[in-house]
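Engineer: Sharing data.txt (compact mmCIF, C-alpha atoms and all ligand atoms) below.
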```
# COMPACT_ATOMS: atom_id res chain seq x y z
CA MET I 1 28.60 -33.17 31.85
CA LYS I 2 28.14 -36.76 30.61
CA ILE I 3 24.64 -38.20 30.83
CA GLY I 4 23.62 -41.82 30.31
CA LEU I 5 20.22 -42.48 28.70
CA PHE I 6 18.97 -45.94 29.58
CA GLY I 7 15.89 -46.81 27.56
CA GLY I 8 13.89 -49.97 28.16
CA THR I 9 10.53 -51.56 28.66
CA PHE I 10 11.26 -52.23 32.35
CA ASN I 11 8.44 -54.79 32.47
CA PRO I 12 9.36 -54.93 35.36
CA VAL I 13 12.62 -53.13 36.22
CA HIS I 14 15.00 -55.64 37.85
CA MET I 15 18.28 -55.72 39.75
CA GLY I 16 20.11 -56.47 36.49
CA HIS I 17 19.00 -53.06 35.15
CA VAL I 18 20.04 -51.09 38.22
CA ARG I 19 23.32 -52.90 38.75
CA VAL I 20 24.47 -52.57 35.12
CA ALA I 21 23.49 -48.90 35.16
CA GLU I 22 25.64 -48.39 38.27
CA GLU I 23 28.57 -50.20 36.70
CA ILE I 24 28.33 -48.16 33.49
CA ARG I 25 27.99 -44.89 35.43
CA GLU I 26 31.18 -45.66 37.32
CA LYS I 27 33.13 -46.99 34.33
CA TYR I 28 32.34 -44.02 32.06
CA ALA I 29 32.31 -41.38 34.84
CA LEU I 30 28.77 -40.35 33.93
CA SER I 31 27.20 -37.55 35.98
CA LYS I 32 23.87 -39.34 36.02
CA ILE I 33 21.81 -42.04 34.38
CA VAL I 34 18.30 -41.36 33.20
CA PHE I 35 16.03 -44.41 32.98
CA ILE I 36 13.48 -43.95 30.17
CA PRO I 37 10.56 -46.40 30.25
CA ALA I 38 8.96 -46.90 26.84
CA PHE I 39 5.28 -46.08 26.48
CA LEU I 40 4.77 -48.53 23.61
CA PRO I 41 7.93 -50.51 22.82
CA PRO I 42 7.91 -51.17 19.06
CA HIS I 43 10.18 -54.25 19.31
CA LYS I 44 8.68 -56.32 22.10
CA LYS I 45 6.51 -59.30 21.26
CA ALA I 46 5.26 -59.95 24.82
CA PRO I 47 2.27 -57.81 25.90
CA CYS I 48 3.15 -55.04 28.33
CA ILE I 49 1.42 -53.85 31.46
CA PRO I 50 0.50 -50.10 31.33
CA ALA I 51 3.45 -47.73 31.16
CA GLU I 52 2.33 -45.91 34.33
CA HIS I 53 2.98 -49.08 36.38
CA ARG I 54 6.38 -49.64 34.75
CA TYR I 55 7.31 -46.00 35.36
CA ALA I 56 6.21 -46.23 39.03
CA MET I 57 8.35 -49.33 39.55
CA VAL I 58 11.42 -47.61 38.09
CA GLN I 59 10.82 -44.71 40.48
CA LEU I 60 10.78 -47.15 43.42
CA ALA I 61 13.87 -49.05 42.23
CA ILE I 62 16.06 -45.96 41.90
CA ALA I 63 14.67 -43.80 44.73
CA ASP I 64 17.73 -44.28 46.93
CA ASN I 65 20.28 -43.30 44.26
CA PRO I 66 20.72 -39.54 43.71
CA LEU I 67 22.66 -40.18 40.49
CA PHE I 68 19.76 -42.07 38.92
CA ASP I 69 16.73 -40.36 37.45
CA VAL I 70 13.62 -41.43 35.54
CA SER I 71 12.11 -39.61 32.58
CA ASP I 72 8.49 -39.68 31.47
CA VAL I 73 9.32 -38.30 28.04
CA GLU I 74 8.10 -41.43 26.22
CA LEU I 75 4.97 -41.68 28.36
CA ALA I 76 4.14 -38.05 27.67
CA ARG I 77 4.69 -38.50 23.92
CA ARG I 78 2.49 -41.62 23.84
CA GLY I 79 2.33 -43.70 20.64
CA SER I 80 5.21 -45.96 19.60
CA SER I 81 8.36 -45.13 21.54
CA TYR I 82 11.07 -44.56 19.00
CA SER I 83 14.51 -43.97 20.49
CA ILE I 84 15.49 -41.55 17.75
CA ASP I 85 12.71 -39.18 18.92
CA THR I 86 13.83 -39.54 22.53
CA ILE I 87 17.49 -38.86 21.76
CA SER I 88 16.49 -35.82 19.74
CA CYS I 89 14.38 -34.57 22.65
CA PHE I 90 17.34 -34.88 25.07
CA ASN I 91 19.61 -33.17 22.53
CA ASP I 92 17.15 -30.26 22.43
CA VAL I 93 17.10 -30.01 26.22
CA TYR I 94 20.86 -30.19 26.73
CA LYS I 95 21.95 -28.54 23.46
CA ASN I 96 25.75 -28.53 23.79
CA SER I 97 25.89 -28.52 27.58
CA ALA I 98 26.11 -32.32 27.96
CA GLU I 99 27.44 -35.35 26.13
CA LEU I 100 24.75 -38.00 25.78
CA PHE I 101 25.46 -41.74 25.99
CA PHE I 102 22.67 -44.11 24.98
CA ILE I 103 23.07 -47.34 26.95
CA MET I 104 21.83 -50.70 25.74
CA GLY I 105 22.46 -54.42 26.02
CA ILE I 106 24.08 -56.33 23.19
CA ASP I 107 20.79 -58.21 22.61
CA ALA I 108 19.05 -54.92 21.82
CA PHE I 109 22.00 -53.56 19.80
CA LYS I 110 22.00 -56.64 17.54
CA GLU I 111 18.49 -55.62 16.46
CA ILE I 112 19.34 -51.97 15.91
CA HIS I 113 19.08 -52.22 12.12
CA THR I 114 15.31 -52.70 12.62
CA TRP I 115 14.94 -49.45 14.62
CA LYS I 116 13.43 -46.32 13.09
CA GLU I 117 16.04 -44.13 11.34
CA TYR I 118 18.87 -46.06 13.02
CA PRO I 119 21.75 -44.62 10.94
CA LEU I 120 20.87 -41.21 12.44
CA PHE I 121 21.47 -42.51 15.97
CA PHE I 122 25.21 -42.47 15.49
CA GLN I 123 25.17 -38.81 14.51
CA SER I 124 23.04 -37.91 17.52
CA CYS I 125 24.84 -39.33 20.57
CA HIS I 126 27.42 -41.82 21.82
CA PHE I 127 26.51 -45.45 22.43
CA ILE I 128 27.54 -47.82 25.20
CA VAL I 129 26.77 -51.46 24.47
CA MET I 130 26.92 -53.94 27.36
CA ASN I 131 27.41 -57.68 27.17
CA ARG I 132 24.65 -59.91 28.49
CA PRO I 133 24.48 -63.58 29.45
CA GLY I 134 23.44 -65.82 26.57
CA HIS I 135 24.50 -63.35 23.87
CA GLY I 136 28.07 -64.45 23.23
CA GLU I 137 31.18 -62.40 23.03
CA GLN I 138 30.49 -60.67 19.75
CA GLY I 139 32.33 -57.44 19.07
CA ALA I 140 31.66 -54.59 16.74
CA ASP I 141 32.49 -56.51 13.57
CA GLU I 142 29.49 -58.75 14.05
CA CYS I 143 27.15 -56.18 15.61
CA ILE I 144 27.47 -52.90 13.71
CA PRO I 145 25.01 -53.17 10.81
CA GLN I 146 26.81 -53.96 7.52
CA ASP I 147 25.39 -51.01 5.59
CA ILE I 148 26.93 -48.45 7.97
CA ALA I 149 30.02 -50.40 9.09
CA GLY I 150 32.17 -48.30 6.71
CA ASP I 151 31.33 -45.18 8.75
CA PHE I 152 33.22 -46.54 11.78
CA THR I 153 36.92 -46.85 12.56
CA PRO I 154 38.63 -48.28 15.66
CA ALA I 155 39.21 -45.43 18.13
CA GLY I 156 42.30 -46.73 19.93
CA GLU I 157 40.86 -48.31 23.04
CA GLU I 158 39.69 -51.90 22.85
CA GLY I 159 36.03 -52.13 21.85
CA LEU I 160 35.75 -48.43 21.05
CA TYR I 161 34.73 -47.26 17.57
CA ARG I 162 34.40 -43.75 16.19
CA HIS I 163 31.70 -42.76 13.73
CA THR I 164 32.46 -40.24 10.96
CA SER I 165 30.29 -37.77 12.92
CA GLY I 166 32.75 -37.95 15.86
CA SER I 167 30.50 -39.89 18.22
CA THR I 168 31.60 -43.25 19.57
CA VAL I 169 30.22 -46.72 20.10
CA GLY I 170 31.85 -48.53 23.01
CA PHE I 171 31.38 -52.26 23.54
CA CYS I 172 32.02 -52.90 27.21
CA THR I 173 32.30 -55.91 29.44
CA ILE I 174 30.32 -55.70 32.63
CA THR I 175 29.56 -58.21 35.36
CA LEU I 176 27.22 -60.78 33.83
CA LEU I 177 23.88 -60.92 35.60
CA ASP I 178 21.51 -63.47 34.19
CA ILE I 179 18.32 -61.63 35.14
CA SER I 180 15.56 -60.73 32.71
CA SER I 181 12.06 -59.29 32.95
CA THR I 182 10.77 -62.31 31.03
CA ASP I 183 12.07 -64.67 33.72
CA ILE I 184 10.57 -62.51 36.48
CA ARG I 185 7.16 -62.42 34.79
CA ASN I 186 7.29 -66.21 34.38
CA ARG I 187 8.23 -66.72 38.02
CA ILE I 188 5.31 -64.60 39.22
CA HIS I 189 2.97 -66.43 36.89
CA GLU I 190 4.18 -69.74 38.33
CA GLY I 191 3.81 -68.51 41.92
CA LYS I 192 7.59 -68.53 42.52
CA SER I 193 9.64 -66.04 44.54
CA ILE I 194 11.18 -62.97 42.87
CA LYS I 195 12.94 -61.84 46.04
CA TYR I 196 16.40 -60.31 45.33
CA LEU I 197 15.74 -60.30 41.59
CA VAL I 198 13.88 -57.00 41.95
CA HIS I 199 14.12 -54.19 44.51
CA HIS I 200 12.01 -55.03 47.58
CA ALA I 201 9.83 -51.95 46.95
CA VAL I 202 9.19 -53.19 43.41
CA GLU I 203 8.33 -56.65 44.74
CA ALA I 204 5.83 -55.06 47.17
CA TYR I 205 4.31 -52.91 44.38
CA ILE I 206 3.84 -55.94 42.12
CA LYS I 207 2.08 -57.77 44.96
CA GLU I 208 -0.14 -54.82 45.92
CA GLN I 209 -1.20 -54.18 42.34
CA GLY I 210 -1.58 -57.87 41.47
CA LEU I 211 0.65 -57.56 38.40
CA TYR I 212 1.82 -60.39 36.12
CA LEU I 213 -0.41 -63.05 37.67
P1 LIG I 301 12.45 -58.81 28.54
O1 LIG I 301 12.95 -60.05 29.23
O2 LIG I 301 11.00 -58.52 28.76
O3 LIG I 301 12.81 -58.80 27.06
P2 LIG I 301 14.70 -57.26 29.59
O4 LIG I 301 15.08 -57.96 30.85
O5 LIG I 301 15.57 -57.46 28.40
O6 LIG I 301 13.18 -57.56 29.22
P3 LIG I 301 14.41 -54.44 28.98
O7 LIG I 301 13.60 -53.46 29.73
O8 LIG I 301 13.96 -54.85 27.65
O9 LIG I 301 14.60 -55.72 29.96
O10 LIG I 301 15.92 -53.96 28.94
C1 LIG I 301 16.30 -52.60 28.76
C2 LIG I 301 17.76 -52.59 28.35
O11 LIG I 301 18.56 -53.19 29.38
C3 LIG I 301 18.06 -53.40 27.07
O12 LIG I 301 19.02 -52.66 26.30
C4 LIG I 301 18.65 -54.70 27.59
O13 LIG I 301 19.57 -55.25 26.69
C5 LIG I 301 19.36 -54.24 28.87
N1 LIG I 301 19.40 -55.28 29.89
C6 LIG I 301 18.34 -55.81 30.56
N2 LIG I 301 18.75 -56.72 31.45
C7 LIG I 301 20.09 -56.79 31.36
C8 LIG I 301 21.10 -57.58 32.02
N3 LIG I 301 20.78 -58.49 32.94
N4 LIG I 301 22.39 -57.37 31.67
C9 LIG I 301 22.70 -56.45 30.70
N5 LIG I 301 21.81 -55.68 30.05
C10 LIG I 301 20.52 -55.85 30.36
```
Hey, can you dump this file as structure tokens for me?
Structural biologist:
Amino acid sequence: MKIGLFGGTFNPVHMGHVRVAEEIREKYALSKIVFIPAFLPPHKKAPCIPAEHRYAMVQLAIADNPLFDVSDVELARRGSSYSIDTISCFNDVYKNSAELFFIMGIDAFKEIHTWKEYPLFFQSCHFIVMNRPGHGEQGADECIPQDIAGDFTPAGEEGLYRHTSGSTVGFCTITLLDISSTDIRNRIHEGKSIKYLVHHAVEAYIKEQGLYL
């Protein structure tokens, strides 16, 4: 079994998130994708609405897809949401019965050297790194942190690198969707439409709860 772990702030979850998750699931033949909303994202500068709202919106956005799931592991843990703790929790649950693939955008991966215990990530699971509008065409040479670059070798396929531990980091090209939570929050704040940028159930939830005004 191959499981994708898709961590994020999801403030709010948008169609970019769900579409890229679907594309990655298909491309890597993953059995399912687990969306993992952060309780307290250590790397975001913008203030976040409570995690319970962000979790509820992810539930609504993925409700019609049986191959998508949402985990409350970071909400339950509370405190700063460090991905290394989350990966280790999923490794404990699945032991050797599943291969784990942590999914992230290139914008997030470029900051990975600032994440808690980041060198350990590459011993703990595989990584799938997606391109994103506005973040260039950089490959592994520019993105894998210098101090651990020597632990990786090209693994044959284009954009695929193997760590000395055996796990891989794959840089993949997906359909570019220029949608971000920041833009959605700004649109709401300015009284503009967010129709088709978020799932209609998420749009309704935001309205009902009066979020991001
Ligand atoms: P914000 O605008 O508030 O920074 P965001 O739109 O980047 O939010 P996050 O919840 O931070 O959303 O994203 C979770 C993960 O999804 C990150 O790894 C991010 O790179 C990736 N991601 C988000 N939107 C896209 C997109 N449109 N295309 C590709 N990857 C994306």
Engineer: If we count all atoms listed in the file and set the cut-off at 7 Å, which residues sit around range 59-67 of chain I, ignoring sequence neighbours fewer than 5 positions away in its own chain? Please answer as a PyMOL selection string.
Structural biologist: chain I and resi 31-33+199+201-202
Engineer: Given a cut-off of 10 Å, what residues near ligand LIG 301 (chain I) show up using only C-alpha atoms and all ligand atoms, put as a PDB file with C-alpha atoms, in the coordinates of the input?
Structural biologist:
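Output contents, as saved in part.pdb:
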```
ATOM      1  CA  PHE I   6      18.970 -45.940  29.580  1.00  0.00           C
ATOM      2  CA  GLY I   7      15.890 -46.810  27.560  1.00  0.00           C
ATOM      3  CA  GLY I   8      13.890 -49.970  28.160  1.00  0.00           C
ATOM      4  CA  THR I   9      10.530 -51.560  28.660  1.00  0.00           C
ATOM      5  CA  PHE I  10      11.260 -52.230  32.350  1.00  0.00           C
ATOM      6  CA  ASN I  11       8.440 -54.790  32.470  1.00  0.00           C
ATOM      7  CA  PRO I  12       9.360 -54.930  35.360  1.00  0.00           C
ATOM      8  CA  VAL I  13      12.620 -53.130  36.220  1.00  0.00           C
ATOM      9  CA  HIS I  14      15.000 -55.640  37.850  1.00  0.00           C
ATOM     10  CA  MET I  15      18.280 -55.720  39.750  1.00  0.00           C
ATOM     11  CA  GLY I  16      20.110 -56.470  36.490  1.00  0.00           C
ATOM     12  CA  HIS I  17      19.000 -53.060  35.150  1.00  0.00           C
ATOM     13  CA  VAL I  18      20.040 -51.090  38.220  1.00  0.00           C
ATOM     14  CA  ARG I  19      23.320 -52.900  38.750  1.00  0.00           C
ATOM     15  CA  VAL I  20      24.470 -52.570  35.120  1.00  0.00           C
ATOM     16  CA  ALA I  21      23.490 -48.900  35.160  1.00  0.00           C
ATOM     17  CA  PHE I  35      16.030 -44.410  32.980  1.00  0.00           C
ATOM     18  CA  ILE I  36      13.480 -43.950  30.170  1.00  0.00           C
ATOM     19  CA  PRO I  37      10.560 -46.400  30.250  1.00  0.00           C
ATOM     20  CA  ALA I  38       8.960 -46.900  26.840  1.00  0.00           C
ATOM     21  CA  PRO I  41       7.930 -50.510  22.820  1.00  0.00           C
ATOM     22  CA  HIS I  43      10.180 -54.250  19.310  1.00  0.00           C
ATOM     23  CA  LYS I  44       8.680 -56.320  22.100  1.00  0.00           C
ATOM     24  CA  LYS I  45       6.510 -59.300  21.260  1.00  0.00           C
ATOM     25  CA  ALA I  46       5.260 -59.950  24.820  1.00  0.00           C
ATOM     26  CA  PRO I  47       2.270 -57.810  25.900  1.00  0.00           C
ATOM     27  CA  CYS I  48       3.150 -55.040  28.330  1.00  0.00           C
ATOM     28  CA  ARG I  54       6.380 -49.640  34.750  1.00  0.00           C
ATOM     29  CA  PHE I 102      22.670 -44.110  24.980  1.00  0.00           C
ATOM     30  CA  ILE I 103      23.070 -47.340  26.950  1.00  0.00           C
ATOM     31  CA  MET I 104      21.830 -50.700  25.740  1.00  0.00           C
ATOM     32  CA  GLY I 105      22.460 -54.420  26.020  1.00  0.00           C
ATOM     33  CA  ILE I 106      24.080 -56.330  23.190  1.00  0.00           C
ATOM     34  CA  ASP I 107      20.790 -58.210  22.610  1.00  0.00           C
ATOM     35  CA  ALA I 108      19.050 -54.920  21.820  1.00  0.00           C
ATOM     36  CA  PHE I 109      22.000 -53.560  19.800  1.00  0.00           C
ATOM     37  CA  LYS I 110      22.000 -56.640  17.540  1.00  0.00           C
ATOM     38  CA  ILE I 128      27.540 -47.820  25.200  1.00  0.00           C
ATOM     39  CA  VAL I 129      26.770 -51.460  24.470  1.00  0.00           C
ATOM     40  CA  MET I 130      26.920 -53.940  27.360  1.00  0.00           C
ATOM     41  CA  ASN I 131      27.410 -57.680  27.170  1.00  0.00           C
ATOM     42  CA  ARG I 132      24.650 -59.910  28.490  1.00  0.00           C
ATOM     43  CA  PRO I 133      24.480 -63.580  29.450  1.00  0.00           C
ATOM     44  CA  GLY I 134      23.440 -65.820  26.570  1.00  0.00           C
ATOM     45  CA  HIS I 135      24.500 -63.350  23.870  1.00  0.00           C
ATOM     46  CA  THR I 173      32.300 -55.910  29.440  1.00  0.00           C
ATOM     47  CA  ILE I 174      30.320 -55.700  32.630  1.00  0.00           C
ATOM     48  CA  THR I 175      29.560 -58.210  35.360  1.00  0.00           C
ATOM     49  CA  LEU I 176      27.220 -60.780  33.830  1.00  0.00           C
ATOM     50  CA  LEU I 177      23.880 -60.920  35.600  1.00  0.00           C
ATOM     51  CA  ASP I 178      21.510 -63.470  34.190  1.00  0.00           C
ATOM     52  CA  ILE I 179      18.320 -61.630  35.140  1.00  0.00           C
ATOM     53  CA  SER I 180      15.560 -60.730  32.710  1.00  0.00           C
ATOM     54  CA  SER I 181      12.060 -59.290  32.950  1.00  0.00           C
ATOM     55  CA  THR I 182      10.770 -62.310  31.030  1.00  0.00           C
ATOM     56  CA  ASP I 183      12.070 -64.670  33.720  1.00  0.00           C
ATOM     57  CA  ILE I 184      10.570 -62.510  36.480  1.00  0.00           C
ATOM     58  CA  ARG I 185       7.160 -62.420  34.790  1.00  0.00           C
ATOM     59  CA  ASN I 186       7.290 -66.210  34.380  1.00  0.00           C
TER      60      ASN I 186
END
```
Engineer: Got a sec: who's within 12 Å of range 116-119 of chain I, counting only C-alpha atoms, leaving out chain neighbours fewer than 4 positions off, as a ChimeraX atom specification?
Structural biologist: /I:41-43,80-88,109-112,123-125,144-152,163-165
Engineer: Taking (4.4, -44.3, 35.4) in the file's own coordinates, collect the residues within 10 Å, counting only C-alpha atoms, and hand them back as a PDB file with C-alpha atoms, in the frame of the given file.
Structural biologist:
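The resulting selection_28.pdb:
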```pdb
ATOM      1  CA  PRO I  37      10.560 -46.400  30.250  1.00  0.00           C
ATOM      2  CA  PHE I  39       5.280 -46.080  26.480  1.00  0.00           C
ATOM      3  CA  PRO I  50       0.500 -50.100  31.330  1.00  0.00           C
ATOM      4  CA  ALA I  51       3.450 -47.730  31.160  1.00  0.00           C
ATOM      5  CA  GLU I  52       2.330 -45.910  34.330  1.00  0.00           C
ATOM      6  CA  HIS I  53       2.980 -49.080  36.380  1.00  0.00           C
ATOM      7  CA  ARG I  54       6.380 -49.640  34.750  1.00  0.00           C
ATOM      8  CA  TYR I  55       7.310 -46.000  35.360  1.00  0.00           C
ATOM      9  CA  ALA I  56       6.210 -46.230  39.030  1.00  0.00           C
ATOM     10  CA  MET I  57       8.350 -49.330  39.550  1.00  0.00           C
ATOM     11  CA  VAL I  58      11.420 -47.610  38.090  1.00  0.00           C
ATOM     12  CA  GLN I  59      10.820 -44.710  40.480  1.00  0.00           C
ATOM     13  CA  VAL I  70      13.620 -41.430  35.540  1.00  0.00           C
ATOM     14  CA  SER I  71      12.110 -39.610  32.580  1.00  0.00           C
ATOM     15  CA  ASP I  72       8.490 -39.680  31.470  1.00  0.00           C
ATOM     16  CA  LEU I  75       4.970 -41.680  28.360  1.00  0.00           C
ATOM     17  CA  ALA I  76       4.140 -38.050  27.670  1.00  0.00           C
TER      18      ALA I  76
END
```
Engineer: I'd like the interatomic distance between CA of Thr153 in chain I and CA of Gly4 in chain I, to a tenth of an Å.
Structural biologist: 22.7 Å
Engineer: CA of Gly170 in chain I to CA of Trp115 in chain I: how many Å, to one decimal?
Structural biologist: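 Between these atoms lies a distance of 18.9 Å.
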Engineer: Just how far from CA of Leu30 in chain I is CA of Lys2 in chain I, in Å to one decimal?
Structural biologist: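 If I compute the distance from CA of Lys2 in chain I to CA of Leu30 in chain I, I get 4.9 Å.
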Engineer: Identify, on the basis of only C-alpha atoms, every residue whose closest approach to Tyr212 in chain I does not exceed 8 Å; exclude the query and any residue fewer than 6 positions from it along the same chain; express the result as a list in words.
Structural biologist: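 Counting only C-alpha atoms, the residues come to Arg185, Ile188, His189 and Ile206 of chain I.
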Engineer: Missing atoms in range 75-98 of chain I should be modelled up to N, CA, C and O atoms and reported as an mmCIF file, keeping the file's coordinate frame.
Structural biologist:
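Below is the file that was written, result-v6.cif:
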```cif
data_model
loop_
_atom_site.group_PDB
_atom_site.id
_atom_site.type_symbol
_atom_site.label_atom_id
_atom_site.label_comp_id
_atom_site.auth_asym_id
_atom_site.auth_seq_id
_atom_site.Cartn_x
_atom_site.Cartn_y
_atom_site.Cartn_z
ATOM 1 N N LEU I 75 6.360 -41.566 27.912
ATOM 2 C CA LEU I 75 4.970 -41.680 28.360
ATOM 3 C C LEU I 75 4.180 -40.455 27.890
ATOM 4 O O LEU I 75 3.049 -40.565 27.413
ATOM 5 N N ALA I 76 4.817 -39.296 28.030
ATOM 6 C CA ALA I 76 4.140 -38.050 27.670
ATOM 7 C C ALA I 76 3.895 -37.998 26.163
ATOM 8 O O ALA I 76 2.878 -37.466 25.709
ATOM 9 N N ARG I 77 4.828 -38.559 25.380
ATOM 10 C CA ARG I 77 4.690 -38.500 23.920
ATOM 11 C C ARG I 77 3.619 -39.474 23.425
ATOM 12 O O ARG I 77 3.048 -39.294 22.362
ATOM 13 N N ARG I 78 3.412 -40.532 24.193
ATOM 14 C CA ARG I 78 2.490 -41.620 23.840
ATOM 15 C C ARG I 78 2.849 -42.196 22.460
ATOM 16 O O ARG I 78 3.909 -41.911 21.931
ATOM 17 N N GLY I 79 2.022 -43.074 21.928
ATOM 18 C CA GLY I 79 2.330 -43.700 20.640
ATOM 19 C C GLY I 79 3.557 -44.598 20.741
ATOM 20 O O GLY I 79 4.078 -44.831 21.841
ATOM 21 N N SER I 80 4.023 -45.107 19.611
ATOM 22 C CA SER I 80 5.210 -45.960 19.600
ATOM 23 C C SER I 80 6.415 -45.178 20.092
ATOM 24 O O SER I 80 6.599 -44.020 19.722
ATOM 25 N N SER I 81 7.216 -45.829 20.937
ATOM 26 C CA SER I 81 8.360 -45.130 21.540
ATOM 27 C C SER I 81 9.608 -45.360 20.706
ATOM 28 O O SER I 81 10.280 -46.385 20.859
ATOM 29 N N TYR I 82 9.889 -44.428 19.832
ATOM 30 C CA TYR I 82 11.070 -44.560 19.000
ATOM 31 C C TYR I 82 12.236 -43.829 19.652
ATOM 32 O O TYR I 82 12.141 -42.637 19.991
ATOM 33 N N SER I 83 13.354 -44.550 19.786
ATOM 34 C CA SER I 83 14.510 -43.970 20.490
ATOM 35 C C SER I 83 15.057 -42.743 19.790
ATOM 36 O O SER I 83 15.564 -41.831 20.444
ATOM 37 N N ILE I 84 14.949 -42.705 18.464
ATOM 38 C CA ILE I 84 15.490 -41.550 17.750
ATOM 39 C C ILE I 84 14.774 -40.260 18.193
ATOM 40 O O ILE I 84 15.394 -39.203 18.331
ATOM 41 N N ASP I 85 13.467 -40.353 18.461
ATOM 42 C CA ASP I 85 12.710 -39.180 18.920
ATOM 43 C C ASP I 85 13.148 -38.790 20.334
ATOM 44 O O ASP I 85 13.214 -37.605 20.672
ATOM 45 N N THR I 86 13.429 -39.802 21.146
ATOM 46 C CA THR I 86 13.830 -39.540 22.530
ATOM 47 C C THR I 86 15.219 -38.895 22.581
ATOM 48 O O THR I 86 15.439 -37.920 23.307
ATOM 49 N N ILE I 87 16.129 -39.427 21.787
ATOM 50 C CA ILE I 87 17.490 -38.860 21.760
ATOM 51 C C ILE I 87 17.415 -37.408 21.298
ATOM 52 O O ILE I 87 18.047 -36.515 21.865
ATOM 53 N N SER I 88 16.593 -37.182 20.275
ATOM 54 C CA SER I 88 16.490 -35.820 19.740
ATOM 55 C C SER I 88 15.894 -34.870 20.789
ATOM 56 O O SER I 88 16.321 -33.710 20.916
ATOM 57 N N CYS I 89 14.968 -35.381 21.583
ATOM 58 C CA CYS I 89 14.380 -34.570 22.650
ATOM 59 C C CYS I 89 15.444 -34.199 23.698
ATOM 60 O O CYS I 89 15.544 -33.043 24.129
ATOM 61 N N PHE I 90 16.275 -35.176 24.094
ATOM 62 C CA PHE I 90 17.340 -34.880 25.070
ATOM 63 C C PHE I 90 18.385 -33.938 24.467
ATOM 64 O O PHE I 90 18.928 -33.076 25.157
ATOM 65 N N ASN I 91 18.663 -34.090 23.177
ATOM 66 C CA ASN I 91 19.610 -33.170 22.530
ATOM 67 C C ASN I 91 19.072 -31.752 22.553
ATOM 68 O O ASN I 91 19.820 -30.794 22.756
ATOM 69 N N ASP I 92 17.758 -31.597 22.387
ATOM 70 C CA ASP I 92 17.150 -30.260 22.430
ATOM 71 C C ASP I 92 17.267 -29.665 23.829
ATOM 72 O O ASP I 92 17.552 -28.482 23.992
ATOM 73 N N VAL I 93 17.050 -30.516 24.842
ATOM 74 C CA VAL I 93 17.100 -30.010 26.220
ATOM 75 C C VAL I 93 18.525 -29.591 26.585
ATOM 76 O O VAL I 93 18.750 -28.515 27.138
ATOM 77 N N TYR I 94 19.494 -30.454 26.260
ATOM 78 C CA TYR I 94 20.860 -30.190 26.730
ATOM 79 C C TYR I 94 21.689 -29.386 25.737
ATOM 80 O O TYR I 94 22.767 -28.918 26.074
ATOM 81 N N LYS I 95 21.198 -29.231 24.518
ATOM 82 C CA LYS I 95 21.950 -28.540 23.460
ATOM 83 C C LYS I 95 23.414 -29.001 23.522
ATOM 84 O O LYS I 95 23.666 -30.194 23.432
ATOM 85 N N ASN I 96 24.350 -28.071 23.742
ATOM 86 C CA ASN I 96 25.750 -28.530 23.790
ATOM 87 C C ASN I 96 26.293 -28.607 25.206
ATOM 88 O O ASN I 96 27.500 -28.707 25.403
ATOM 89 N N SER I 97 25.396 -28.571 26.199
ATOM 90 C CA SER I 97 25.890 -28.520 27.580
ATOM 91 C C SER I 97 26.178 -29.908 28.163
ATOM 92 O O SER I 97 26.702 -30.022 29.264
ATOM 93 N N ALA I 98 25.833 -30.971 27.449
ATOM 94 C CA ALA I 98 26.110 -32.320 27.960
ATOM 95 C C ALA I 98 26.406 -33.259 26.801
ATOM 96 O O ALA I 98 25.906 -33.067 25.694
#
```
